[in-house]
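Visitor: Dropping in coords-v8.csv, with CSV, C-alpha atoms.
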```csv
chain,number,residue,atom,x,y,z
A,225,MET,CA,-23.0,8.2,-14.7
A,226,LEU,CA,-22.8,5.2,-12.4
A,227,VAL,CA,-21.1,5.7,-9.1
A,228,LEU,CA,-19.3,2.4,-8.8
A,229,ASN,CA,-19.9,1.8,-5.2
A,230,LEU,CA,-22.5,-0.8,-4.6
A,231,GLY,CA,-23.3,-2.0,-1.0
A,232,GLN,CA,-24.5,-5.5,-0.1
A,233,LEU,CA,-28.2,-4.6,0.2
A,234,GLU,CA,-28.0,-2.4,-2.9
A,235,THR,CA,-26.7,-5.4,-4.8
A,236,LYS,CA,-29.6,-7.6,-3.6
A,237,VAL,CA,-32.1,-4.9,-4.8
A,238,MET,CA,-30.3,-4.6,-8.1
A,239,ASP,CA,-30.4,-8.4,-8.5
A,240,VAL,CA,-34.2,-8.2,-8.1
A,241,LEU,CA,-34.4,-5.5,-10.7
A,242,TRP,CA,-32.1,-7.2,-13.2
A,243,ASP,CA,-34.0,-10.5,-12.8
A,244,SER,CA,-37.2,-8.8,-13.8
A,245,PRO,CA,-36.3,-7.2,-17.2
A,246,GLY,CA,-39.0,-5.1,-18.8
A,247,GLU,CA,-41.2,-5.4,-15.7
A,248,PRO,CA,-41.6,-2.1,-13.8
A,249,LEU,CA,-41.4,-2.8,-10.1
A,250,ARG,CA,-42.9,-0.8,-7.2
A,251,VAL,CA,-41.4,-0.8,-3.8
A,252,ARG,CA,-43.9,-3.4,-2.6
A,253,ASP,CA,-43.0,-5.7,-5.5
A,254,ILE,CA,-39.3,-5.3,-4.7
A,255,MET,CA,-39.9,-6.1,-1.0
A,256,ASP,CA,-41.9,-9.2,-2.0
A,257,ARG,CA,-39.2,-10.5,-4.3
A,258,LEU,CA,-36.5,-9.8,-1.7
A,259,GLY,CA,-38.7,-12.1,0.4
A,260,ASP,CA,-36.9,-14.4,2.8
A,261,VAL,CA,-33.5,-13.3,1.4
A,262,VAL,CA,-33.7,-10.0,3.2
A,263,ALA,CA,-36.6,-9.1,5.4
A,264,ARG,CA,-36.5,-5.3,5.4
A,265,ALA,CA,-38.8,-2.5,6.4
A,266,TYR,CA,-40.5,-0.5,3.6
A,267,THR,CA,-38.6,2.6,4.6
A,268,THR,CA,-35.3,0.7,4.3
A,269,VAL,CA,-36.0,-0.4,0.8
A,270,ILE,CA,-37.1,3.2,-0.1
A,271,THR,CA,-33.7,4.5,1.3
A,272,VAL,CA,-31.8,1.9,-0.7
A,273,LEU,CA,-33.7,2.8,-3.9
A,274,ASP,CA,-33.0,6.5,-3.2
A,275,SER,CA,-29.3,5.8,-2.8
A,276,LEU,CA,-29.3,3.7,-6.0
A,277,HIS,CA,-31.1,6.5,-7.8
A,278,ARG,CA,-28.5,9.1,-6.6
A,279,LYS,CA,-25.7,6.8,-7.7
A,280,GLY,CA,-27.2,6.3,-11.2
A,281,TRP,CA,-28.1,2.6,-10.9
A,282,VAL,CA,-31.9,3.0,-11.2
A,283,VAL,CA,-34.1,5.6,-12.8
A,284,LEU,CA,-37.3,6.9,-11.3
A,285,HIS,CA,-40.6,6.8,-13.3
A,286,THR,CA,-44.1,7.6,-12.1
A,287,GLU,CA,-46.7,5.0,-13.0
A,288,GLY,CA,-50.2,5.7,-12.0
A,289,ARG,CA,-50.1,7.1,-8.4
A,290,GLY,CA,-46.8,5.5,-7.5
A,291,TYR,CA,-43.2,5.1,-8.6
A,292,VAL,CA,-41.4,2.4,-10.4
A,293,TYR,CA,-37.6,1.8,-10.4
A,294,PRO,CA,-36.2,0.3,-13.6
A,295,PRO,CA,-32.4,-0.3,-13.7
A,296,ALA,CA,-30.5,2.4,-15.6
A,297,LYS,CA,-28.3,-0.3,-17.2
A,298,ASN,CA,-28.7,-4.0,-17.7
A,299,ARG,CA,-26.4,-6.3,-15.8
A,300,GLU,CA,-24.0,-6.8,-18.7
A,301,GLU,CA,-23.5,-3.0,-19.2
A,302,ALA,CA,-23.1,-2.4,-15.4
A,303,ALA,CA,-20.6,-5.3,-15.3
A,304,ALA,CA,-18.6,-3.8,-18.2
A,305,ASP,CA,-18.6,-0.4,-16.4
A,306,ALA,CA,-17.5,-2.0,-13.2
A,307,LEU,CA,-14.7,-3.9,-15.0
A,308,LEU,CA,-13.5,-0.7,-16.6
A,309,GLU,CA,-13.3,1.0,-13.2
A,310,VAL,CA,-11.4,-2.0,-11.9
A,311,LEU,CA,-8.8,-1.7,-14.6
A,312,GLU,CA,-8.5,2.1,-14.4
A,313,SER,CA,-8.4,2.2,-10.7
A,314,ALA,CA,-5.8,-0.6,-10.4
A,315,ALA,CA,-3.6,0.8,-13.2
A,316,ASP,CA,-3.5,4.3,-11.6
A,317,SER,CA,-3.0,3.1,-8.1
A,318,ASP,CA,0.2,2.6,-6.1
A,319,ALA,CA,-2.0,0.9,-3.5
A,320,VAL,CA,-2.0,-2.3,-5.5
A,321,LEU,CA,0.8,-4.8,-4.8
A,322,PRO,CA,2.6,-5.5,-7.0
A,323,HIS,CA,1.9,-2.4,-9.0
A,324,PHE,CA,-0.7,-3.4,-11.6
A,325,ALA,CA,1.1,-1.5,-14.4
A,326,ARG,CA,3.9,-4.1,-14.1
A,327,THR,CA,1.5,-7.0,-14.5
A,328,ALA,CA,-0.5,-5.9,-17.6
A,329,SER,CA,1.4,-4.2,-20.4
A,330,ASP,CA,0.1,-0.8,-21.6
A,331,ASP,CA,-0.9,-2.3,-25.0
A,332,GLU,CA,-2.8,-5.1,-23.3
A,333,ALA,CA,-4.6,-2.8,-20.9
A,334,GLY,CA,-5.5,-0.5,-23.8
A,335,ILE,CA,-6.9,-3.3,-25.9
A,336,LEU,CA,-9.0,-4.5,-22.9
A,337,ARG,CA,-10.3,-1.1,-22.2
A,338,ARG,CA,-11.3,-0.5,-25.8
A,339,GLY,CA,-13.1,-3.8,-25.9
A,340,LEU,CA,-15.0,-3.0,-22.8
A,341,ARG,CA,-16.0,0.5,-24.1
A,342,ARG,CA,-17.4,-1.1,-27.3
A,343,ARG,CA,-19.3,-3.6,-25.1
A,344,THR,CA,-20.6,-0.7,-23.0
A,345,ASN,CA,-21.7,1.4,-26.0
A,346,LYS,CA,-23.7,-1.5,-27.6
A,347,PRO,CA,-27.4,-0.9,-27.4
A,348,SER,CA,-28.9,-2.9,-24.6
A,349,SER,CA,-30.6,-6.1,-25.7
B,222,MET,CA,25.8,22.5,21.2
B,223,ILE,CA,28.3,19.9,20.2
B,224,ALA,CA,26.1,17.0,21.1
B,225,ALA,CA,23.3,18.3,18.9
B,226,GLY,CA,25.9,18.9,16.1
B,227,ALA,CA,27.2,15.4,16.5
B,228,LEU,CA,23.7,13.9,16.2
B,229,LEU,CA,23.0,16.0,13.1
B,230,LEU,CA,26.3,15.0,11.6
B,231,ALA,CA,25.3,11.4,12.2
B,232,VAL,CA,22.0,12.1,10.4
B,233,VAL,CA,23.9,13.5,7.4
B,234,VAL,CA,26.3,10.5,7.3
B,235,LEU,CA,23.4,8.0,7.5
B,236,GLY,CA,21.2,9.9,5.2
B,237,TRP,CA,23.6,10.6,2.4
B,238,ALA,CA,26.6,8.2,2.7
B,239,ALA,CA,25.1,5.0,4.2
B,240,PRO,CA,22.6,3.8,1.6
B,241,LEU,CA,25.2,2.5,-0.9
B,242,PRO,CA,27.3,0.3,1.5
B,243,LEU,CA,24.1,-0.7,3.3
B,244,ALA,CA,22.4,-1.8,0.1
B,245,ARG,CA,25.4,-4.0,-0.7
B,246,LEU,CA,24.8,-5.9,2.5
B,247,ARG,CA,21.5,-7.1,1.3
B,248,HIS,CA,20.4,-10.8,1.5
B,249,ILE,CA,22.5,-11.3,4.7
B,250,SER,CA,19.3,-12.0,6.6
B,251,ALA,CA,15.7,-13.0,6.0
B,252,PRO,CA,13.8,-10.3,3.9
B,253,GLY,CA,11.5,-9.6,6.9
B,254,ALA,CA,14.5,-8.7,9.1
B,255,GLU,CA,16.1,-6.5,6.4
B,256,LEU,CA,12.8,-4.8,5.9
B,257,ALA,CA,12.6,-4.0,9.6
B,258,TRP,CA,16.1,-2.7,9.6
B,259,TRP,CA,15.6,-0.3,6.6
B,260,LEU,CA,12.4,1.1,7.9
B,261,SER,CA,13.5,1.6,11.5
B,262,LEU,CA,16.8,3.2,10.3
B,263,ALA,CA,14.9,5.6,8.0
B,264,ILE,CA,12.4,6.6,10.7
B,265,ALA,CA,15.1,6.9,13.4
B,266,THR,CA,17.2,9.1,11.1
B,267,VAL,CA,14.3,11.5,10.5
B,268,VAL,CA,13.4,11.5,14.2
B,269,SER,CA,17.1,12.2,15.1
B,270,ALA,CA,17.2,15.2,12.7
B,271,GLY,CA,14.2,16.6,14.7
B,272,ALA,CA,15.8,15.8,18.0
B,273,GLY,CA,19.1,17.4,17.0
B,274,ALA,CA,17.3,20.5,15.8
B,275,VAL,CA,15.4,20.8,19.1
B,276,MET,CA,18.6,20.3,21.1
B,277,LEU,CA,20.2,23.1,19.1
B,278,LEU,CA,17.3,25.5,19.8
B,279,MET,CA,17.1,24.6,23.5
B,280,GLY,CA,20.7,25.4,24.0
B,281,ASP,CA,21.7,25.8,27.7
B,282,ARG,CA,18.2,25.0,28.9
B,283,SER,CA,18.6,21.4,27.8
B,284,HIS,CA,21.7,20.9,29.8
B,285,ILE,CA,22.7,18.4,27.1
B,286,GLY,CA,26.4,18.4,26.5
B,287,GLN,CA,27.0,20.3,29.7
B,288,ALA,CA,28.7,18.8,32.7
B,289,SER,CA,31.2,19.6,35.3
B,290,TRP,CA,33.9,18.0,33.3
B,291,GLN,CA,35.9,21.1,33.6
B,292,ALA,CA,37.6,22.7,30.7
B,293,CYS,CA,37.2,20.2,27.9
B,294,TRP,CA,33.6,19.5,28.6
B,295,ALA,CA,32.9,23.2,28.9
B,296,PHE,CA,34.4,23.5,25.4
B,297,LEU,CA,32.0,21.0,24.1
B,298,GLY,CA,28.9,22.4,25.7
B,299,HIS,CA,28.5,26.1,24.9
B,300,PRO,CA,26.4,27.6,27.8
B,301,HIS,CA,24.5,29.9,25.5
B,302,ILE,CA,22.6,29.6,22.2
B,303,HIS,CA,24.8,30.6,19.4
B,304,PRO,CA,22.9,32.5,16.6
B,305,ALA,CA,24.3,30.0,14.1
B,306,ASP,CA,22.9,27.1,16.2
B,307,GLU,CA,19.6,28.8,16.4
B,308,PHE,CA,19.5,29.3,12.6
B,309,THR,CA,20.5,25.7,11.9
B,310,GLY,CA,18.0,24.3,14.4
B,311,ALA,CA,15.1,26.5,13.1
B,312,THR,CA,15.9,25.6,9.5
B,313,VAL,CA,15.9,21.9,10.2
B,314,LEU,CA,12.6,22.1,12.1
B,315,VAL,CA,11.0,24.1,9.3
B,316,ILE,CA,12.2,21.5,6.7
B,317,LEU,CA,10.8,18.7,8.9
B,318,CYS,CA,7.4,20.5,9.3
B,319,LEU,CA,7.1,20.9,5.5
B,320,ALA,CA,8.1,17.3,5.1
B,321,ALA,CA,5.4,16.2,7.5
B,322,VAL,CA,2.8,18.1,5.4
B,323,ARG,CA,4.1,16.4,2.2
B,324,ALA,CA,4.0,13.0,3.9
B,325,THR,CA,0.4,13.7,5.1
B,326,VAL,CA,-0.7,14.6,1.6
B,327,LEU,CA,0.8,11.5,0.1
B,328,VAL,CA,-0.8,9.2,2.7
B,329,LYS,CA,-4.2,10.9,2.2
B,330,GLN,CA,-3.9,10.5,-1.6
B,331,ARG,CA,-2.8,6.9,-1.2
B,332,LEU,CA,-5.7,6.1,1.1
B,333,LEU,CA,-8.2,7.6,-1.3
B,334,SER,CA,-6.7,5.6,-4.1
B,335,GLN,CA,-6.8,2.4,-2.1
B,336,GLN,CA,-10.4,3.1,-1.2
B,337,ARG,CA,-11.3,3.6,-4.8
B,338,VAL,CA,-9.6,0.5,-6.1
B,339,HIS,CA,-11.0,-1.6,-3.2
B,340,ARG,CA,-14.5,-0.3,-3.8
B,341,ALA,CA,-14.2,-0.9,-7.6
B,342,HIS,CA,-13.2,-4.5,-7.1
B,343,LEU,CA,-15.9,-5.2,-4.5
B,344,THR,CA,-18.6,-3.6,-6.8
B,345,ALA,CA,-17.3,-5.6,-9.8
B,346,ALA,CA,-17.6,-8.8,-7.8
B,347,ARG,CA,-21.1,-7.9,-6.7
B,348,VAL,CA,-22.3,-7.3,-10.3
B,349,ARG,CA,-20.5,-10.5,-11.2
B,350,ALA,CA,-18.0,-8.8,-13.5
B,351,LEU,CA,-15.4,-10.7,-11.4
B,352,SER,CA,-16.0,-14.2,-10.3
B,353,GLN,CA,-15.2,-15.1,-6.7
B,354,THR,CA,-14.0,-18.5,-5.5
B,355,GLY,CA,-11.8,-19.4,-2.5
B,356,GLY,CA,-11.4,-15.8,-1.4
B,357,VAL,CA,-9.9,-14.8,-4.7
B,358,LEU,CA,-11.5,-12.4,-7.3
B,359,TRP,CA,-10.8,-13.7,-10.8
B,360,LEU,CA,-10.4,-11.2,-13.6
B,361,GLU,CA,-11.1,-12.6,-17.1
B,362,HIS,CA,-7.7,-12.3,-18.9
B,363,ASP,CA,-5.5,-14.7,-20.8
B,364,SER,CA,-2.2,-13.4,-19.4
B,365,PRO,CA,-1.2,-14.6,-15.9
B,366,PHE,CA,-1.0,-11.9,-13.2
B,367,ALA,CA,-2.1,-11.4,-9.7
B,368,TYR,CA,-2.2,-8.6,-7.2
B,369,SER,CA,-3.6,-7.7,-3.7
B,370,ILE,CA,-5.4,-4.7,-2.3
B,371,ALA,CA,-5.4,-3.7,1.3
B,372,GLY,CA,-8.7,-2.9,3.0
B,373,ARG,CA,-11.6,-4.6,4.8
B,374,PRO,CA,-11.6,-7.3,3.7
B,375,GLY,CA,-8.1,-7.5,2.0
B,376,LEU,CA,-8.6,-8.6,-1.6
B,377,VAL,CA,-6.5,-11.0,-3.8
B,378,VAL,CA,-7.2,-10.6,-7.5
B,379,ALA,CA,-5.8,-12.9,-10.1
B,380,SER,CA,-6.4,-13.3,-13.8
B,381,THR,CA,-8.2,-16.4,-15.1
B,382,ALA,CA,-4.9,-17.5,-16.7
B,383,VAL,CA,-3.5,-18.0,-13.2
B,384,ARG,CA,-6.5,-20.3,-12.5
B,385,ASP,CA,-5.4,-22.4,-15.5
B,386,LEU,CA,-1.8,-22.8,-14.2
B,387,PRO,CA,-0.8,-26.2,-12.6
B,388,GLU,CA,-2.3,-26.4,-9.1
B,389,ALA,CA,1.0,-26.1,-7.3
B,390,HIS,CA,2.0,-22.9,-9.3
B,391,ARG,CA,-1.5,-21.4,-8.8
B,392,ASP,CA,-1.3,-22.0,-5.0
B,393,ALA,CA,2.2,-20.4,-4.9
B,394,VAL,CA,0.9,-17.3,-6.7
B,395,LEU,CA,-2.1,-17.0,-4.3
B,396,ARG,CA,0.0,-17.8,-1.2
B,397,HIS,CA,2.4,-15.0,-2.2
B,398,GLU,CA,-0.5,-12.5,-2.5
B,399,HIS,CA,-2.1,-13.6,0.8
B,400,HIS,CA,1.3,-13.1,2.5
B,401,HIS,CA,1.3,-9.4,1.3
B,402,LEU,CA,-2.1,-8.9,3.0
B,403,ALA,CA,-1.3,-10.9,6.2
B,404,SER,CA,2.0,-9.1,6.7
B,405,ARG,CA,0.5,-5.7,6.0
B,406,HIS,CA,3.0,-5.0,3.2
B,407,HIS,CA,0.7,-2.3,1.7
B,408,TRP,CA,1.1,-0.2,4.8
B,409,LEU,CA,4.8,-0.7,5.0
B,410,VAL,CA,5.2,0.4,1.3
B,411,MET,CA,3.0,3.4,2.0
B,412,ALA,CA,5.1,4.4,5.0
B,413,ALA,CA,8.3,4.1,3.1
B,414,ASP,CA,6.8,6.1,0.2
B,415,ALA,CA,5.6,8.7,2.6
B,416,LEU,CA,9.1,9.2,4.0
B,417,MET,CA,10.5,9.4,0.5
B,418,ALA,CA,7.9,12.0,-0.5
B,419,ALA,CA,8.5,14.0,2.6
B,420,LEU,CA,12.3,14.3,2.1
B,421,PRO,CA,13.0,13.2,-1.5
B,422,ARG,CA,16.5,14.6,-1.5
B,423,ILE,CA,17.8,12.2,1.2
B,424,PRO,CA,19.2,9.2,-0.5
B,425,LEU,CA,18.6,6.9,2.5
B,426,LEU,CA,14.8,7.5,2.2
B,427,ARG,CA,14.8,6.9,-1.6
B,428,THR,CA,16.8,3.7,-1.1
B,429,THR,CA,14.5,2.6,1.8
B,430,ALA,CA,11.4,3.1,-0.4
B,431,ALA,CA,13.0,1.0,-3.2
B,432,GLN,CA,14.2,-1.7,-0.8
B,433,THR,CA,10.8,-1.9,0.8
B,434,ARG,CA,9.1,-2.7,-2.5
B,435,VAL,CA,11.8,-5.4,-3.3
B,436,LEU,CA,11.9,-6.9,0.2
B,437,THR,CA,8.2,-7.2,0.6
B,438,GLU,CA,8.2,-9.2,-2.7
B,439,LEU,CA,11.1,-11.4,-1.5
B,440,SER,CA,9.4,-11.9,1.8
B,441,ALA,CA,6.2,-13.1,0.1
B,442,ASP,CA,8.2,-15.4,-2.2
B,443,ASP,CA,9.8,-17.0,0.8
B,444,SER,CA,6.5,-17.4,2.5
B,445,ALA,CA,5.0,-19.1,-0.6
B,446,ALA,CA,8.1,-21.3,-1.0
B,447,ARG,CA,7.9,-22.5,2.6
B,448,GLU,CA,4.3,-23.6,2.0
B,449,CYS,CA,4.3,-24.7,-1.6
B,450,GLY,CA,7.9,-25.5,-2.3
B,451,THR,CA,10.7,-23.6,-3.9
B,452,ASP,CA,10.3,-25.2,-7.3
B,453,ALA,CA,6.6,-24.3,-7.5
B,454,VAL,CA,7.2,-20.6,-6.6
B,455,ALA,CA,10.2,-20.4,-9.0
B,456,ALA,CA,8.1,-21.9,-11.8
B,457,ALA,CA,5.2,-19.6,-11.0
B,458,LEU,CA,7.4,-16.5,-11.0
B,459,LEU,CA,8.6,-17.5,-14.5
B,460,SER,CA,5.2,-18.1,-15.8
B,461,MET,CA,3.8,-14.7,-14.9
B,462,ARG,CA,3.1,-11.9,-17.4
B,463,THR,CA,6.4,-10.3,-16.5
B,464,PRO,CA,8.7,-13.2,-15.7
B,465,GLU,CA,10.8,-12.6,-12.6
B,466,HIS,CA,14.0,-14.4,-13.5
B,467,GLY,CA,16.1,-12.8,-10.7
B,468,ARG,CA,13.7,-13.8,-8.0
B,469,ALA,CA,13.3,-17.3,-9.3
B,470,ARG,CA,17.1,-17.7,-9.4
B,471,ARG,CA,17.4,-16.4,-5.9
B,472,LEU,CA,14.9,-19.0,-4.6
B,473,GLN,CA,16.6,-21.8,-6.4
B,474,ASN,CA,20.1,-20.8,-5.1
B,475,ARG,CA,19.1,-20.5,-1.4
B,476,PRO,CA,16.4,-22.1,0.7
B,477,PRO,CA,13.6,-19.7,1.8
B,478,ARG,CA,14.4,-18.2,5.2
B,479,LYS,CA,11.9,-18.3,8.1
B,480,PRO,CA,11.4,-15.0,9.8
B,481,GLN,CA,12.7,-15.1,13.3
B,482,PRO,CA,11.0,-12.7,15.7
B,483,ALA,CA,14.3,-12.3,17.7
B,484,ARG,CA,16.2,-11.2,14.5
B,485,ILE,CA,13.4,-8.8,13.5
B,486,MET,CA,13.5,-7.2,17.0
B,487,LEU,CA,17.3,-7.0,16.7
B,488,ALA,CA,17.0,-5.3,13.3
B,489,VAL,CA,14.5,-2.8,14.7
B,490,LEU,CA,16.7,-2.1,17.6
B,491,GLY,CA,19.8,-1.7,15.4
B,492,GLY,CA,18.1,0.5,13.0
B,493,SER,CA,16.5,2.7,15.7
B,494,LEU,CA,19.7,3.1,17.6
B,495,ALA,CA,22.0,3.6,14.7
B,496,PRO,CA,21.8,7.5,14.6
B,497,ALA,CA,22.2,7.8,18.3
B,498,VAL,CA,25.2,5.3,18.4
B,499,LEU,CA,26.9,7.1,15.4
B,500,GLY,CA,26.2,10.5,17.0
B,501,GLY,CA,27.6,9.2,20.3
B,502,THR,CA,30.7,7.9,18.5
B,503,ILE,CA,31.3,11.3,16.8
B,504,LEU,CA,30.8,13.1,20.1
B,505,GLY,CA,33.3,10.7,21.8
B,506,ALA,CA,35.8,11.3,19.0
B,507,LEU,CA,35.4,15.1,19.4
B,508,ILE,CA,35.9,14.8,23.2
B,509,PHE,CA,38.9,12.7,22.7
B,510,ALA,CA,40.4,15.2,20.1
B,511,ALA,CA,39.6,18.3,22.2
B,512,CYS,CA,40.9,16.9,25.5
```
Take the structure in the file and give it back as structure tokens.

Guide:
Amino acid sequence: MLVLNLGQLETKVMDVLWDSPGEPLRVRDIMDRLGDVVARAYTTVITVLDSLHRKGWVVLHTEGRGYVYPPAKNREEAAADALLEVLESAADSDAVLPHFARTASDDEAGILRRGLRRRTNKPSS
Amino acid sequence: MIAAGALLLAVVVLGWAAPLPLARLRHISAPGAELAWWLSLAIATVVSAGAGAVMLLMGDRSHIGQASWQACWAFLGHPHIHPADEFTGATVLVILCLAAVRATVLVKQRLLSQQRVHRAHLTAARVRALSQTGGVLWLEHDSPFAYSIAGRPGLVVASTAVRDLPEAHRDAVLRHEHHHLASRHHWLVMAADALMAALPRIPLLRTTAAQTRVLTELSADDSAARECGTDAVAAALLSMRTPEHGRARRLQNRPPRKPQPARIMLAVLGGSLAPAVLGGTILGALIFAAC
């Protein structure tokens, strides 16, 4: 299950992984592709990948003598999950002003959630 | 201790009898000043209950209510702790301690909830499930609604249907939400809700929580109307998913009021001193009657 808490550097690493579908990337490959965008130490990228693995955003595979980190879900599926969390967290929360429940009717929120679940359950393309 | 009794009586009057007449006085000032009045009155009432209880328990050690005013003053200030005073003071203090625990639990839950909803929106923006332009997160939806979330940074979220509104209406909606964040309305609502959760049986605290939600909205309406015009805000309120006819009418019937710091200070002062002034009046009446 995805822990829907993605930091800025984690987002950049996920962008690299999502932009390379079907291409297993090693830490060095990810560092190269982060390139000028974020100049980071090897250990930093390892730490970020470890965090992404714990949160369920990437899976860990061995390939040869090293590890590769394919994304657990493609961008569309992750976006659908994130949107679902947005709706559920906002609807349950009194921390939202004005209260979200007043702004989207129950029926509407239900339809939206069901639509998102269908989208999430679709096999990834 | 008659002084402590007078203060506790003032707390009872303000806590139980005052909300109805006070609620009828609404809209006599800018929403910001009324908000300041309600919140400071609620806090001062709870603090006064604690002060009254401590005064009862301290008895002759406090020297409150004692003086050399000969007979009548001696009548008012019992020189010893009466068992009934001690019981009342201890009971009030225990109730207040339990109330503090309940308020702490609510604040903790609310902060966790705020953190969750804030994190969810930021993550959704990062994976591009929400688009982001001009400091606003846009949620794909064909019904117009908007809301704001406190945190770092504060977030304004609006449906894409709001983006499709006429420019003046859209600006009014966004200005309204930005005002909630700039004026820290989320924290004020949380404070009022915590007081209500702490002592839910006190009508003043229930009324304050309800008033806080209403007045923060009216304050944001006024702020948006000052910048974008009354007509734009009224039209925007009517075009929302749940049209706000009452608030639109209010704006059309009276010009938006600018918050005046002096009035807000006066409201805070009035609300904070109300229990002490009422307690003093009751005490004065008792002295007058006894002497």

Visitor: Residues of chain B near chain A: apply a cut-off of 7 Å, count all atoms listed in the file, and supply the list as a PDB file with C-alpha atoms, in the coordinates of the input.

Guide:
```pdb
ATOM      1  CA  ARG B 331      -2.800   6.900  -1.200  1.00  0.00           C
ATOM      2  CA  SER B 334      -6.700   5.600  -4.100  1.00  0.00           C
ATOM      3  CA  GLN B 335      -6.800   2.400  -2.100  1.00  0.00           C
ATOM      4  CA  ARG B 337     -11.300   3.600  -4.800  1.00  0.00           C
ATOM      5  CA  VAL B 338      -9.600   0.500  -6.100  1.00  0.00           C
ATOM      6  CA  ARG B 340     -14.500  -0.300  -3.800  1.00  0.00           C
ATOM      7  CA  ALA B 341     -14.200  -0.900  -7.600  1.00  0.00           C
ATOM      8  CA  HIS B 342     -13.200  -4.500  -7.100  1.00  0.00           C
ATOM      9  CA  THR B 344     -18.600  -3.600  -6.800  1.00  0.00           C
ATOM     10  CA  ALA B 345     -17.300  -5.600  -9.800  1.00  0.00           C
ATOM     11  CA  ARG B 347     -21.100  -7.900  -6.700  1.00  0.00           C
ATOM     12  CA  VAL B 348     -22.300  -7.300 -10.300  1.00  0.00           C
ATOM     13  CA  ARG B 349     -20.500 -10.500 -11.200  1.00  0.00           C
ATOM     14  CA  ALA B 350     -18.000  -8.800 -13.500  1.00  0.00           C
ATOM     15  CA  PHE B 366      -1.000 -11.900 -13.200  1.00  0.00           C
ATOM     16  CA  TYR B 368      -2.200  -8.600  -7.200  1.00  0.00           C
ATOM     17  CA  SER B 369      -3.600  -7.700  -3.700  1.00  0.00           C
ATOM     18  CA  ILE B 370      -5.400  -4.700  -2.300  1.00  0.00           C
ATOM     19  CA  HIS B 407       0.700  -2.300   1.700  1.00  0.00           C
ATOM     20  CA  ARG B 462       3.100 -11.900 -17.400  1.00  0.00           C
ATOM     21  CA  THR B 463       6.400 -10.300 -16.500  1.00  0.00           C
TER      22      THR B 463
END
```

Visitor: Please measure the separation of CA of Leu343 (chain B) and CA of Ala379 (chain B), giving the value in Å to one decimal.

Guide: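 According to the coordinates, CA of Leu343 (chain B) and CA of Ala379 (chain B) are separated by 13.9 Å.
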
Visitor: For a quick check of understanding, using all atoms listed in the file, which of B:Leu425, B:Val313, B:Ala393, B:Leu504 has the smallest distance to Gly226 (chain B)?

Guide: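 Under the stated criterion, the closest residue is B:Leu504.
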
Visitor: So which one's closest to Ile223 (chain B), B:Leu416, B:Ala506, B:Ala453, B:Ala244? Using only C-alpha atoms, please.

Guide: B:Ala506

Visitor: Please provide as number ranges by chain all residues within 10 Å of Leu436 (chain B), with the sequence filter that same-chain residues fewer than 6 positions apart are discarded (counting only C-alpha atoms).

Guide: B: 247-248, 251-257, 259, 406, 410, 429, 442

Visitor: I need the chosen residues saved as a CSV table (one decimal), in the frame of the given file, with C-alpha atoms.

Guide:
```csv
chain,number,residue,atom,x,y,z
B,247,ARG,CA,21.5,-7.1,1.3
B,248,HIS,CA,20.4,-10.8,1.5
B,251,ALA,CA,15.7,-13.0,6.0
B,252,PRO,CA,13.8,-10.3,3.9
B,253,GLY,CA,11.5,-9.6,6.9
B,254,ALA,CA,14.5,-8.7,9.1
B,255,GLU,CA,16.1,-6.5,6.4
B,256,LEU,CA,12.8,-4.8,5.9
B,257,ALA,CA,12.6,-4.0,9.6
B,259,TRP,CA,15.6,-0.3,6.6
B,406,HIS,CA,3.0,-5.0,3.2
B,410,VAL,CA,5.2,0.4,1.3
B,429,THR,CA,14.5,2.6,1.8
B,442,ASP,CA,8.2,-15.4,-2.2
```

Visitor: In Å, with one decimal, what is the gap from CA of Arg470 (chain B) to CA of Arg405 (chain B)?

Guide: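 If I compute the distance from CA of Arg470 (chain B) to CA of Arg405 (chain B), I get 25.6 Å.
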